[in-house]
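Presented below is the structure to which this report refers.
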Amino acid sequence: MEKWSTATIREFRQTLLAWYDREGRDLPWRHDQDPYHVWVSEIMLQQTQVQTVIPYYLNFMAMFPTVADLAQAPEEQLLKAWQGLGYYSRARNLQRAARQLVDDYRGKWPQTAAELLDLTGIGPYTAGAIASIAFGEVVPAVDGNAFRVFSRLLLIDADIAKPQTRKLFEQVIQPIVDPQRPGAFNQAIMDLGSSYMTAKNSDPAHSPVRAFDASYRENCVADFPVKTKAPRPRPVPYYGLIVTSPAGYLMVQRDATQMLTGYWTFPLIQQADLQDATDQQPATLQTDIAHLEQRFMTDYQLPITLTPLSGQPVSHTYTHQRWQVKLLVAELSSAADLTFYPGKWVAASTIKTLPLPKVQEKLMTRYQNQGHPAAFKQN
DNA sequence: TACCCGTGGAC
DNA sequence: TGTCCAAGGGT
């Protein structure tokens, strides 16, 4: 690992910030230092590219201009505004924290990274980002960019996939952060990490800080950062039920024990949940359908007859799971009573006003493409 | 600690 | 088309 002198640190700050002042990106959340603006942008930017975030950020600020507006927003409106951004707990945590600010902090922001950590959804990185950008605290903001940039500049070979490695980087970066302009320093590192010092196709030869880049000097840029690979997502087979009636489609809202909490889908049943201990034979499509029909009758008093939809299962990949959804269709001639079923009938024309996860959109597209072109047509 | 949590872009 | 990557946090 490289070790910089105090003189080198001074030169690095000056070079970096001069470049940032000249070529830093003009982004909507950089127009001021309002902590609400910084906060919302930082949450949206977690594991999400800048160009994806921009339209969401602009719409979010139009819908929820202040912390108080966010705290009071109906959850379904919030989830709709977040639809498509992914990692949906971010949205619900954002509102929880907004309510913490209103209720516990009387609307007055905590101004240090250590205090900001108390807000739901704000971790070490986001706390450092808000504290430095909005409040001028001299702290690092160690995200993927900081890992990548400093691992290359200083030849740090610690595995950034390990949680404990963040502490090492915080200790290394802390004395390098510009004490006069900590927010600009941290944002400059991010801009560097998304331009000349990217993960792939980096261009260290033209980087404004190439003179400080040990990995460039020693021709080993591609070796940094060191990061162990994530395991591949495991296949998870599902049945997706398209139950129609004159009242529309049967839809369910996912509960807090499930991923995609608060979003609406067709009824989805994991195939593994249909295993019957009394069965001696392995499950087949026919036996699973029989189980499903029986469950709807006995548990929900809903008589349905399920028919497989032709075609391969709808596939949707998450970070740790690969869903493979077989669609089964049941058409009811009248809108059955849903007293015993935790769902509701939704008219085809209004389905798309609900917050829907991507997998639900895929299911609807598949249904339309398999002989139901008029389904879900808006107005 | 190790694992869970979404989506779209780039190659 | 599969794979990796992108301004992480919660549990």
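In the structure tokens, the first chain shown is A, the next is B, and so on; residue numbers restart at 1 for each chain, and ligands run from 1 in the order shown.
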
Selection near DA2 in chain B, 12 Å with only C-alpha atoms (C1' of nucleotides), sequence-local residues under 6 positions removed, as a compact mmCIF listing (two decimals) with C-alpha atoms (C1' of nucleotides), in the first residue's frame:
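See out-v4.txt below for the written result:
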# COMPACT_ATOMS: atom_id res chain seq x y z
CA ALA A 161 -16.66 -7.29 -0.68
CA LYS A 162 -15.85 -7.78 3.02
CA PRO A 163 -17.75 -5.44 5.37
CA ALA A 230 -21.13 -12.77 -5.68
CA PRO A 231 -22.87 -16.17 -5.91
C1' DT C 11 -30.99 -7.87 9.53

Just need the residues of chain B within 6 Å of chain A, counting only C-alpha atoms (C1' of nucleotides), so spit them out as a list in words.
-> DC5, DG6 and DT7 of chain B

Could those selected residues go to a file with C-alpha atoms (C1' of nucleotides), as a tab-separated table (two decimals), in the first residue's frame?
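Dumped to out_36.tsv:
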chain	number	residue	atom	x	y	z
B	5	DC	C1'	-32.95	-6.76	-1.36
B	6	DG	C1'	-34.47	-4.53	-7.96
B	7	DT	C1'	-33.66	-2.61	-12.03

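Nearest to chain C of all the residues A:Thr261, A:Gln111, A:Ser334, A:Asn186 is A:Asn186, counting only C-alpha atoms (C1' of nucleotides).
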
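One distance worth recording is that between CA of Ile122 in chain A and CA of Leu153 in chain A, which is 27.6 Å.
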
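Note that CA of Pro208 in chain A and CA of Trp19 in chain A are 6.7 Å apart.
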
Which residue gives the smallest distance to chain C among A:Pro35, A:Pro355, A:Gly121, A:Pro182, with only C-alpha atoms (C1' of nucleotides) counted?
-> A:Gly121
